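**Q** Coordinates in final_14.cif, mmCIF, C-alpha atoms and all ligand atoms, are listed below.
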data_entry
#
loop_
_atom_site.label_atom_id
_atom_site.label_comp_id
_atom_site.auth_asym_id
_atom_site.auth_seq_id
_atom_site.Cartn_x
_atom_site.Cartn_y
_atom_site.Cartn_z
CA MET A 1434 -2.13 -15.59 44.75
CA ASP A 1435 -3.57 -18.61 42.87
CA THR A 1436 -3.30 -16.82 39.53
CA CYS A 1437 0.06 -15.06 40.23
CA ILE A 1438 2.76 -16.08 37.73
CA ASP A 1439 5.56 -14.50 39.79
CA CYS A 1440 6.63 -12.01 37.11
CA ALA A 1441 7.13 -9.27 39.81
CA LEU A 1442 5.74 -6.63 37.44
CA CYS A 1443 3.39 -5.37 40.15
CA GLU A 1444 6.43 -4.65 42.34
CA LYS A 1445 8.28 -2.95 39.49
CA VAL A 1446 5.39 -0.54 38.83
CA CYS A 1447 4.37 0.07 42.44
CA ASN A 1448 4.65 3.74 43.39
CA GLU A 1449 4.88 2.79 47.07
CA LEU A 1450 7.92 0.57 46.48
CA GLN A 1451 9.55 2.58 43.69
CA PRO A 1452 8.42 6.20 44.13
CA TYR A 1453 9.51 8.93 41.73
CA GLU A 1454 11.99 11.52 43.01
CA LYS A 1455 10.75 14.78 44.52
CA ARG A 1456 11.34 17.84 42.30
CA GLU A 1457 10.69 21.59 42.30
CA PRO A 1458 8.23 23.27 39.93
CA LEU A 1459 9.58 25.36 37.04
CA LYS A 1460 7.13 28.18 37.76
CA VAL A 1461 4.74 29.05 40.59
CA LEU A 1462 1.69 31.27 40.08
CA ALA A 1463 -1.20 32.77 42.00
CA ALA A 1464 -4.12 32.74 39.55
CA ILE A 1465 -7.80 33.51 39.14
CA ASN A 1466 -10.07 32.43 36.28
CA LYS A 1467 -11.43 35.65 34.71
CA ASN A 1468 -14.84 33.99 34.31
CA GLU A 1469 -16.42 34.59 37.73
CA GLU A 1470 -19.32 32.17 37.22
CA ILE A 1471 -16.88 29.28 36.62
CA ARG A 1472 -14.71 30.35 39.54
CA LEU A 1473 -17.66 30.34 41.96
CA LYS A 1474 -18.63 26.81 40.86
CA SER A 1475 -15.01 25.62 41.35
CA SER A 1476 -13.33 24.91 44.68
CA SER A 1477 -10.36 27.25 44.26
CA GLY A 1478 -9.72 29.72 41.42
CA GLY A 1479 -11.34 27.68 38.62
CA ILE A 1480 -8.13 26.59 36.85
CA PHE A 1481 -9.13 22.98 36.17
CA TYR A 1482 -11.99 24.17 33.89
CA ILE A 1483 -9.61 26.25 31.73
CA LEU A 1484 -7.26 23.28 31.23
CA ALA A 1485 -10.15 20.92 30.46
CA GLU A 1486 -11.67 23.37 27.93
CA LYS A 1487 -8.37 23.58 26.03
CA ILE A 1488 -8.17 19.78 25.67
CA ILE A 1489 -11.85 19.43 24.66
CA LYS A 1490 -11.36 22.14 21.97
CA GLU A 1491 -8.55 20.00 20.53
CA ASP A 1492 -10.99 17.07 20.27
CA GLY A 1493 -9.35 15.49 23.32
CA VAL A 1494 -10.63 13.55 26.30
CA VAL A 1495 -10.67 14.73 29.94
CA PHE A 1496 -10.51 12.36 32.91
CA GLY A 1497 -11.75 13.51 36.34
CA ALA A 1498 -13.74 12.58 39.44
CA ARG A 1499 -17.55 12.55 39.48
CA PHE A 1500 -20.26 11.15 41.74
CA ASP A 1501 -21.88 7.83 40.78
CA GLU A 1502 -25.57 6.94 41.33
CA ASN A 1503 -24.88 6.15 45.02
CA TRP A 1504 -22.98 9.42 45.59
CA GLN A 1505 -19.66 7.60 45.80
CA VAL A 1506 -16.79 9.02 43.69
CA VAL A 1507 -15.39 7.45 40.50
CA ILE A 1508 -12.83 8.51 37.88
CA ASP A 1509 -14.52 8.80 34.49
CA TYR A 1510 -13.88 10.55 31.17
CA ALA A 1511 -15.63 13.39 29.34
CA GLU A 1512 -15.65 14.31 25.65
CA ASP A 1513 -17.56 17.61 25.92
CA MET A 1514 -17.77 20.48 28.40
CA LYS A 1515 -21.23 19.46 29.65
CA GLU A 1516 -19.71 16.16 30.84
CA VAL A 1517 -16.66 17.98 32.28
CA GLU A 1518 -18.98 19.95 34.61
CA ALA A 1519 -19.52 16.77 36.69
CA PHE A 1520 -15.78 16.81 37.51
CA MET A 1521 -15.83 20.39 38.85
CA GLY A 1522 -15.43 20.89 42.58
CA SER A 1523 -13.45 18.90 45.15
CA LYS A 1524 -15.02 15.69 46.41
CA TYR A 1525 -13.43 14.72 49.69
CA VAL A 1526 -13.68 10.96 49.19
CA GLN A 1527 -11.25 8.44 47.65
CA ALA A 1528 -12.31 7.94 44.01
CA ARG A 1529 -12.56 4.44 42.47
CA MET A 1530 -10.32 4.13 39.41
CA GLU A 1531 -12.62 1.73 37.51
CA ASN A 1532 -11.18 1.29 33.97
CA ALA A 1533 -9.60 4.73 33.83
CA TYR A 1534 -5.97 3.65 33.27
CA LYS A 1535 -6.91 1.26 30.45
CA ASP A 1536 -9.13 3.93 28.85
CA VAL A 1537 -6.33 6.53 29.05
CA LYS A 1538 -3.97 4.16 27.22
CA ARG A 1539 -6.60 3.39 24.56
CA PHE A 1540 -7.17 7.10 23.80
CA LEU A 1541 -3.42 7.82 23.79
CA THR A 1542 -2.75 5.02 21.32
CA ASP A 1543 -5.59 6.39 19.15
CA SER A 1544 -3.60 9.69 19.09
CA ARG A 1545 -6.28 11.66 20.99
CA MET A 1546 -5.12 14.41 23.40
CA VAL A 1547 -5.76 13.25 26.99
CA LEU A 1548 -5.97 15.28 30.19
CA PHE A 1549 -5.86 13.03 33.24
CA SER A 1550 -6.65 14.75 36.56
CA GLY A 1551 -6.56 13.07 39.95
CA THR A 1552 -4.76 12.85 43.26
CA PRO A 1553 -0.92 12.82 43.11
CA CYS A 1554 -0.89 9.06 43.81
CA GLN A 1555 -3.41 8.41 41.00
CA VAL A 1556 -1.26 10.43 38.58
CA ALA A 1557 1.94 8.68 39.72
CA GLY A 1558 0.12 5.35 39.32
CA LEU A 1559 -0.92 6.24 35.78
CA HIS A 1560 2.66 7.04 34.77
CA LYS A 1561 3.84 3.72 36.24
CA TYR A 1562 1.05 1.89 34.39
CA LEU A 1563 1.88 3.53 31.03
CA ARG A 1564 5.63 2.91 31.50
CA LYS A 1565 6.61 5.39 28.77
CA PRO A 1566 5.99 9.10 28.07
CA TYR A 1567 3.29 10.18 25.59
CA ASP A 1568 3.39 13.58 23.83
CA ASN A 1569 -0.42 13.69 23.76
CA LEU A 1570 -0.84 13.30 27.55
CA LEU A 1571 -1.27 16.14 30.06
CA THR A 1572 -1.47 15.20 33.74
CA VAL A 1573 -2.91 17.47 36.43
CA ASP A 1574 -2.89 16.72 40.15
CA PHE A 1575 -3.51 18.85 43.23
CA ILE A 1576 -1.88 19.46 46.58
CA CYS A 1577 -3.63 16.72 48.51
CA HIS A 1578 -4.56 16.74 52.17
CA GLY A 1579 -5.38 13.01 51.86
CA THR A 1580 -8.51 11.14 50.76
CA PRO A 1581 -11.20 9.91 53.15
CA SER A 1582 -12.59 6.38 53.29
CA PRO A 1583 -15.56 5.72 50.93
CA LYS A 1584 -17.03 3.46 53.62
CA VAL A 1585 -17.19 6.33 56.13
CA TRP A 1586 -18.67 8.66 53.48
CA GLY A 1587 -21.39 6.08 52.65
CA MET A 1588 -22.20 5.56 56.35
CA TYR A 1589 -22.30 9.32 56.92
CA LEU A 1590 -24.83 9.74 54.09
CA ASP A 1591 -26.95 6.90 55.52
CA GLU A 1592 -26.96 8.68 58.85
CA VAL A 1593 -27.93 12.16 57.65
CA VAL A 1594 -30.46 11.35 54.90
CA LYS A 1595 -33.24 8.76 55.01
CA GLU A 1596 -32.54 7.51 51.50
CA VAL A 1597 -29.26 8.09 49.58
CA LYS A 1598 -31.25 8.04 46.31
CA SER A 1599 -33.12 11.19 47.47
CA ILE A 1600 -29.90 13.29 47.32
CA SER A 1601 -29.90 15.78 44.46
CA SER A 1602 -26.50 17.47 44.96
CA VAL A 1603 -23.44 17.50 47.21
CA GLU A 1604 -21.02 20.41 47.48
CA PHE A 1605 -18.01 20.03 49.73
CA ARG A 1606 -16.88 23.58 48.95
CA ASN A 1607 -19.93 25.84 48.66
CA LYS A 1608 -18.72 29.45 48.39
CA ASP A 1609 -21.98 31.31 49.25
CA LYS A 1610 -20.36 32.53 52.48
CA GLY A 1611 -16.89 32.86 50.97
CA TRP A 1612 -13.95 30.74 49.81
CA LYS A 1613 -12.05 30.81 53.10
CA ASP A 1614 -15.02 30.01 55.33
CA PHE A 1615 -16.59 27.61 52.84
CA SER A 1616 -19.64 25.48 53.59
CA PHE A 1617 -20.65 21.86 53.11
CA ASN A 1618 -23.99 21.63 51.30
CA LEU A 1619 -26.17 18.59 50.68
CA ARG A 1620 -29.52 18.95 48.90
CA PHE A 1621 -32.13 16.20 48.97
CA ASN A 1622 -35.78 15.68 48.06
CA GLU A 1623 -38.42 15.36 50.76
CA GLY A 1624 -41.74 14.59 49.08
CA ASP A 1625 -42.07 17.24 46.37
CA LYS A 1626 -39.83 19.69 48.22
CA THR A 1627 -36.05 20.09 48.11
CA ALA A 1628 -34.37 20.39 51.50
CA SER A 1629 -30.85 21.66 52.10
CA MET A 1630 -28.27 20.81 54.76
CA LEU A 1631 -25.93 23.79 54.55
CA SER A 1632 -23.31 24.20 57.28
CA PRO A 1633 -19.99 26.02 57.70
CA TYR A 1634 -17.21 23.46 57.23
CA LYS A 1635 -16.06 23.82 60.84
CA GLN A 1636 -19.49 22.70 62.06
CA ASN A 1637 -20.04 19.79 59.68
CA HIS A 1638 -19.18 16.42 61.23
CA TYR A 1639 -17.88 14.80 58.04
CA MET A 1640 -15.62 17.78 57.25
CA LYS A 1641 -14.41 17.80 60.85
CA ALA A 1642 -13.46 14.11 60.61
CA PHE A 1643 -11.71 14.75 57.27
CA LEU A 1644 -9.76 17.82 58.35
CA ARG A 1645 -8.75 16.29 61.70
CA ASP A 1646 -7.28 13.40 59.63
CA ILE A 1647 -9.25 10.65 61.38
CA ILE A 1648 -10.84 9.09 58.26
CA LEU A 1649 -8.01 9.23 55.71
CA ARG A 1650 -6.80 6.11 53.87
CA PRO A 1651 -3.83 4.43 55.67
CA SER A 1652 -1.43 5.22 52.77
CA CYS A 1653 -2.14 8.96 53.11
CA TYR A 1654 -0.17 9.12 56.37
CA GLU A 1655 2.99 8.15 54.46
CA CYS A 1656 2.27 9.59 51.05
CA LYS A 1657 4.97 8.76 48.51
CA ALA A 1658 3.57 11.08 45.84
CA LYS A 1659 4.04 14.39 47.65
CA GLY A 1660 6.51 17.16 46.75
CA CYS A 1661 5.70 17.22 43.00
CA SER A 1662 6.93 13.62 42.73
CA SER A 1663 3.81 12.40 40.92
CA GLN A 1664 5.36 13.45 37.58
CA SER A 1665 2.30 15.64 36.85
CA ASP A 1666 2.68 18.50 34.36
CA ILE A 1667 0.61 20.86 36.50
CA THR A 1668 -0.33 20.89 40.20
CA ILE A 1669 -3.32 23.00 41.26
CA ALA A 1670 -4.33 24.00 44.79
CA ASP A 1671 -5.77 26.68 47.01
CA PHE A 1672 -3.56 29.72 47.47
CA TRP A 1673 -4.11 29.93 51.23
CA GLY A 1674 -2.48 33.07 52.62
CA VAL A 1675 -2.72 34.94 49.30
CA HIS A 1676 -3.90 38.05 51.22
CA ASN A 1677 -0.39 38.32 52.72
CA ILE A 1678 1.40 38.21 49.35
CA TYR A 1679 -1.02 39.57 46.76
CA PRO A 1680 -3.91 41.23 48.69
CA GLU A 1681 -5.30 42.55 45.37
CA MET A 1682 -5.88 38.93 44.28
CA ASP A 1683 -7.97 38.06 47.32
CA ASP A 1684 -11.70 38.77 46.94
CA ASP A 1685 -12.67 35.63 48.91
CA LYS A 1686 -14.15 34.01 45.79
CA GLY A 1687 -11.20 31.63 45.34
CA THR A 1688 -7.56 32.07 44.34
CA SER A 1689 -5.57 29.18 42.93
CA LEU A 1690 -1.99 28.20 43.38
CA ILE A 1691 -0.52 26.73 40.18
CA LEU A 1692 2.73 24.78 40.11
CA LEU A 1693 3.92 24.40 36.53
CA ASN A 1694 6.15 21.34 36.75
CA THR A 1695 7.06 20.77 33.09
CA ASP A 1696 7.41 22.71 29.81
CA ASN A 1697 4.25 20.95 28.63
CA GLY A 1698 2.44 22.41 31.67
CA ILE A 1699 3.80 25.93 30.96
CA ASP A 1700 2.73 25.74 27.28
CA THR A 1701 -0.77 24.44 28.08
CA LEU A 1702 -1.90 27.13 30.52
CA ASP A 1703 -3.54 29.93 28.55
CA LYS A 1704 -2.48 33.02 30.50
CA LYS A 1705 -5.09 35.17 28.65
CA GLN A 1706 -7.86 33.43 30.59
CA VAL A 1707 -6.43 34.18 34.04
CA ILE A 1708 -5.31 37.04 36.22
CA SER A 1709 -1.99 35.81 37.55
CA ALA A 1710 1.15 36.76 39.43
CA GLU A 1711 4.37 34.83 39.81
CA THR A 1712 5.75 33.79 43.19
CA ASN A 1713 8.39 31.36 44.45
CA PHE A 1714 8.18 27.79 45.74
CA LYS A 1715 9.98 28.50 49.05
CA ARG A 1716 7.17 30.82 50.09
CA ILE A 1717 4.54 28.27 49.10
CA LYS A 1718 6.10 25.52 51.20
CA SER A 1719 5.39 27.50 54.38
CA LEU A 1720 1.88 28.60 53.29
CA ASN A 1721 0.68 25.19 52.07
CA PRO A 1722 2.73 22.52 53.89
CA ALA A 1723 0.44 19.75 52.54
CA CYS A 1724 2.41 20.07 49.30
CA TYR A 1725 5.28 18.08 50.81
CA LEU A 1726 4.14 16.89 54.29
CA SER A 1727 1.85 13.90 54.94
CA PRO A 1728 -0.81 14.29 57.64
CA LYS A 1729 0.02 12.74 61.01
CA GLU A 1730 -2.05 9.67 61.87
CA PRO A 1731 -4.21 10.56 64.91
CA SER A 1732 -3.88 8.24 67.91
CA LYS A 1733 -7.65 7.62 67.85
CA ARG A 1734 -7.87 6.52 64.20
CA ASP A 1735 -7.71 2.77 64.84
CA GLU A 1736 -10.26 3.07 67.62
CA PHE A 1737 -12.58 5.08 65.34
CA PHE A 1738 -12.59 2.38 62.64
CA ALA A 1739 -12.91 -0.45 65.21
CA ARG A 1740 -16.07 1.10 66.72
CA LEU A 1741 -17.56 2.45 63.48
CA ASP A 1742 -19.87 -0.46 62.65
CA ASN A 1743 -21.58 -0.54 66.03
CA GLU A 1744 -21.91 3.07 67.11
CA ASN A 1745 -23.57 6.33 66.15
CA MET A 1746 -21.18 7.97 63.72
CA ILE A 1747 -21.82 11.60 64.72
CA GLU A 1748 -21.15 10.86 68.41
CA LEU A 1749 -18.07 8.84 67.49
CA ILE A 1750 -16.69 11.69 65.34
CA ASN A 1751 -17.29 14.12 68.22
CA GLU A 1752 -15.49 11.84 70.64
CA CYS A 1753 -12.54 10.94 68.42
CA THR A 1754 -11.86 14.47 67.15
CA ARG A 1755 -12.06 16.24 70.52
CA PRO A 1756 -8.74 18.12 70.89
CA THR A 1757 -6.41 17.00 73.69
CA SER A 1758 -5.27 19.62 76.26
CA LYS A 1759 -1.89 19.80 74.45
CA GLN A 1760 -3.65 20.52 71.13
CA ARG A 1761 -5.86 23.17 72.80
CA LEU A 1762 -2.78 24.90 74.23
CA TYR A 1763 -1.04 24.73 70.83
CA LYS A 1764 -4.13 26.35 69.21
CA ILE A 1765 -4.15 29.23 71.75
CA VAL A 1766 -0.43 29.90 71.14
CA TYR A 1767 -0.97 29.68 67.34
CA ASP A 1768 -3.99 32.07 67.41
CA CYS A 1769 -2.12 34.60 69.60
CA THR A 1770 0.94 34.50 67.28
CA LEU A 1771 -1.30 35.05 64.26
CA LEU A 1772 -3.06 37.98 65.99
CA ILE A 1773 0.26 39.66 66.88
CA TYR A 1774 1.58 39.05 63.34
CA ASN A 1775 -1.52 40.63 61.76
CA MET A 1776 -1.40 43.62 64.15
CA LEU A 1777 2.29 44.24 63.36
CA ASP A 1778 1.55 43.87 59.65
CA ARG A 1779 -1.18 46.53 59.93
CA VAL A 1780 1.10 48.91 61.90
CA VAL A 1781 3.80 48.59 59.20
CA LYS A 1782 1.21 49.31 56.46
CA VAL A 1783 -0.17 52.41 58.30
CA LYS A 1784 3.41 53.69 58.85
CA LYS A 1785 4.20 53.22 55.16
CA SER A 1786 1.06 55.15 54.12
CA PHE A 1787 2.22 58.14 56.24
CA ASN A 1788 5.72 58.17 54.63
C1 LIG B 1801 -9.30 14.92 48.39
C2 LIG B 1801 -8.76 16.29 48.09
C3 LIG B 1801 -7.86 16.89 48.97
C4 LIG B 1801 -7.34 18.15 48.69
N1 LIG B 1801 -6.46 18.73 49.58
C5 LIG B 1801 -5.97 19.97 49.32
C6 LIG B 1801 -5.05 20.59 50.24
O1 LIG B 1801 -4.71 20.05 51.31
N2 LIG B 1801 -4.55 21.83 49.93
C7 LIG B 1801 -4.89 22.47 48.77
O2 LIG B 1801 -4.42 23.59 48.54
N3 LIG B 1801 -5.75 21.90 47.87
C8 LIG B 1801 -6.29 20.68 48.12
N4 LIG B 1801 -7.16 20.08 47.22
C9 LIG B 1801 -7.36 20.73 45.89
C10 LIG B 1801 -8.41 21.82 45.86
O3 LIG B 1801 -9.48 21.50 46.74
C11 LIG B 1801 -8.98 21.98 44.43
O4 LIG B 1801 -9.49 20.75 43.98
C12 LIG B 1801 -7.96 22.42 43.43
O5 LIG B 1801 -7.34 23.61 43.87
C13 LIG B 1801 -8.58 22.65 42.04
O6 LIG B 1801 -9.48 23.66 42.10
P1 LIG B 1801 -10.06 24.44 40.81
O7 LIG B 1801 -10.82 25.62 41.34
O8 LIG B 1801 -8.99 24.70 39.81
O9 LIG B 1801 -11.03 23.42 40.09
P2 LIG B 1801 -12.16 22.43 40.60
O10 LIG B 1801 -13.26 22.44 39.62
O11 LIG B 1801 -12.52 22.65 42.01
O12 LIG B 1801 -11.33 21.06 40.45
C14 LIG B 1801 -11.81 19.86 40.53
C15 LIG B 1801 -10.68 18.90 40.14
O13 LIG B 1801 -10.42 18.03 41.22
C16 LIG B 1801 -10.62 16.68 40.78
N5 LIG B 1801 -11.18 15.95 41.92
C17 LIG B 1801 -12.21 16.31 42.72
N6 LIG B 1801 -12.41 15.38 43.65
C18 LIG B 1801 -11.51 14.40 43.44
C19 LIG B 1801 -11.25 13.15 44.06
N7 LIG B 1801 -11.93 12.73 45.10
N8 LIG B 1801 -10.27 12.39 43.56
C20 LIG B 1801 -9.55 12.78 42.48
N9 LIG B 1801 -9.75 13.97 41.85
C21 LIG B 1801 -10.72 14.75 42.33
C22 LIG B 1801 -11.58 16.79 39.62
O14 LIG B 1801 -11.48 15.68 38.77
C23 LIG B 1801 -11.07 18.06 38.96
O15 LIG B 1801 -9.92 17.78 38.22
C24 LIG B 1801 -7.72 18.84 47.50
C25 LIG B 1801 -8.65 18.24 46.63
C26 LIG B 1801 -9.17 16.98 46.91
C27 LIG B 1801 -10.17 16.35 45.97
#
Can the structure in the file be given as C-alpha cells, please?
**A**
Amino acid sequence: MDTCIDCALCEKVCNELQPYEKREPLKVLAAINKNEEIRLKSSSGGIFYILAEKIIKEDGVVFGARFDENWQVVIDYAEDMKEVEAFMGSKYVQARMENAYKDVKRFLTDSRMVLFSGTPCQVAGLHKYLRKPYDNLLTVDFICHGTPSPKVWGMYLDEVVKEVKSISSVEFRNKDKGWKDFSFNLRFNEGDKTASMLSPYKQNHYMKAFLRDIILRPSCYECKAKGCSSQSDITIADFWGVHNIYPEMDDDKGTSLILLNTDNGIDTLDKKQVISAETNFKRIKSLNPACYLSPKEPSKRDEFFARLDNENMIELINECTRPTSKQRLYKIVYDCTLLIYNMLDRVVKVKKSFN
C-alpha cells in the first residue's frame, strides 16, 4: 500500500472484479492424436502436443507448466519440441506465473507466434494484462477442476520421500493401467537404485485430497473463468463418458474433448493429425460439469488448513475426506442408477442387433 499511486488499474484488469462473459464454443469435438506414443505420454488424447508443434514449426514460442528443481510447478516458455515435452501431462498443483505475462508481451511485440497454455483463470488474466487482441497469439486452456495448494503439495512430498531432491519423475496421470483408472506415479533414487511409488488414483492420498476438493485454492470455489469465459481460442479436456457417445473412440488410452471457441482456434487445429468426431455442447455440459460449475467448498477445508502444520498429513487427509453418511447414501444411489442405466443400454443394443 506504501507504493500504491491509486490509479485503480489493478481493479480495472482484475478478472475477479470484471470477469468476461460466458460464451458457447463454435465447435465441439471428441479427438485422439493419431500418434499413440504421444497420446500415452499425455493426460488425455494428446491434443496439446499437436498445437504446440504447429507453433514451434512457425518459429513461435510455447508457454506451459513444468516442474522446477523443487518439484513445484511454474509457467515457462519453450522454443523447441524437446523443451515442450516438460509441459506435457497434467500437474495437479497451482503453477507460479513468474515472468510469463511480461515474456508473452515481449514475444508478441517482436512479432513471434505465441501459444499460451494454462488454467482458464491464467488465460483470462493474460488477456486482461495485454488489454488488446494480438493476431499472433493463440490461447489454450482446459476444463479445470481447480488447482491445489503448492504448500500442501510440498508438504506431501516431504512426507512421502526422505529428500525432495531425490525425486526423478512425477506423473499425476500414468496410463499404464488405463486412462480411466489412471495412476499416480512418483519415482525417486534410493542409493544407486530407482524406487517407484505407483498407486491407483483412488488410493493415493494426495489425489484423494485433490479430487475431494479439500486442498483447492480459495478462488477455485467461486471460479469466474468457467464456461468458456477465459477468452481462450481452444479449451481441451478429458472426454469422460465418450464410450456412451462414440464407443469406437474409446480404447482407454485417452480421448480428448476439444472446444473450439474462436475462428483462430478452428483454423489452428490440424484435423489430419487427429481422429475426431463432432458433438454438441449441451451433451458435454452433462458429461463434464466442471466446464461451467465450480467445486463446492467442503465443510472440513478450513479445519484441514488450520491443523496442517502440526499434524501428520496422511492421517489428516484420511480424516477430512471421510465421506459423511449423506454422501455415502448419495454414492449408493448414484452407483445403482449407473448400473441400471448400463444394463438398459446393453438390453437396447442386444435388441437392435437382433432386428
Ligand atoms: C489442475 C488441472 C485440473 C484439471 N481438471 C480437469 C477437469 O476437471 N476435467 C477435465 O476434463 N480436464 C481437466 N484437466 C485437463 C486435463 O487433465 C488435460 O490437461 C487436458 O485434457 C490436456 O490433455 P492433453 O492430452 O491434450 O495434453 P497434456 O500433455 O496432458 O497437456 C498438458 C497441458 O496442461 C498444461 N498444464 C499442466 N499442468 C498445469 C498446471 N498446473 N497449470 C497450468 N497448466 C498446466 C500444460 O502446460 C499443457 O498445456 C485439468 C488439468 C489440470 C492441470
**Q** Which residues are near Lys1659 of chain A? Cut-off 12 Å, only C-alpha atoms, ignore same chain within fewer than 3 positions. Put them as a ChimeraX atom specification.
**A** /A:1448-1449,1452-1457,1552-1557,1574-1579,1652-1656,1662-1665,1668,1718,1722-1728
**Q** Residues within 7 Å of ligand LIG 1801 (chain B), counting all atoms listed in the file: report them as a VMD selection string.
**A** chain A and resid 1472 1475 to 1482 1496 to 1499 1506 1520 to 1528 1550 to 1552 1575 to 1580 1669 to 1673 1689 1721 1723
**Q** Measuring between only C-alpha atoms, which one of A:Ala1511, A:Ile1691, A:Ala1463, A:Ala1658 shows the shortest distance to Gln1451 of chain A?
**A** A:Ala1658
**Q** From the options A:Ile1708, A:Leu1771, A:Val1675, A:Cys1437, which residue's atoms come nearest to Lys1613 of chain A, counting only C-alpha atoms?
**A**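 Nearest candidate to Lys1613 of chain A out of A:Ile1708, A:Leu1771, A:Val1675, A:Cys1437: A:Val1675.
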**Q** Determine, counting all atoms listed in the file, which protein, DNA and RNA residues have an atom within 6 Å of an atom of Ser1599 of chain A; residues of the same chain fewer than 3 positions away are not included. Present the result as a PyMOL selection string.
**A** chain A and resi 1596+1621-1622
**Q** One decimal, in Å: what's the spacing between atom CA of Asp1609 of chain A and atom CA of Lys1474 of chain A?
**A**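 Rounded to one decimal, the two atoms are 10.1 Å apart.
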**Q** Between atom CA of Lys1445 of chain A and atom CA of Leu1563 of chain A, what is the distance in Å, rounded to a tenth?
**A**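 Separation of atom CA of Lys1445 of chain A and atom CA of Leu1563 of chain A: 12.4 Å.
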**Q** Kindly give the distance, in Å, that separates atom CA of His1560 of chain A and atom CA of Lys1584 of chain A, rounded to a single decimal.
**A** 27.5 Å
**Q** Report as a ChimeraX atom specification all protein, DNA and RNA residues lying within 10 Å of Phe1549 of chain A, evaluated on only C-alpha atoms, omitting residues in the same chain fewer than 6 positions from it.
**A** /A:1485,1494-1497,1508-1510,1533-1534,1537,1555-1556,1559,1570-1574,1665
**Q** Show which residues sit within 9 Å of segment 1680-1682 of chain A, as a JSON list (two decimals) with C-alpha atoms, in the coordinates of the input. Count only C-alpha atoms, and ignore same-chain residues fewer than 3 positions away.
**A**
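File out-v5.json, as written:
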[["chain", "number", "residue", "atom", "x", "y", "z"],
["A", 1463, "ALA", "CA", -1.20, 32.77, 42.00],
["A", 1464, "ALA", "CA", -4.12, 32.74, 39.55],
["A", 1465, "ILE", "CA", -7.80, 33.51, 39.14],
["A", 1675, "VAL", "CA", -2.72, 34.94, 49.30],
["A", 1676, "HIS", "CA", -3.90, 38.05, 51.22],
["A", 1677, "ASN", "CA", -0.39, 38.32, 52.72],
["A", 1685, "ASP", "CA", -12.67, 35.63, 48.91],
["A", 1688, "THR", "CA", -7.56, 32.07, 44.34],
["A", 1708, "ILE", "CA", -5.31, 37.04, 36.22],
["A", 1709, "SER", "CA", -1.99, 35.81, 37.55],
["A", 1710, "ALA", "CA", 1.15, 36.76, 39.43]]
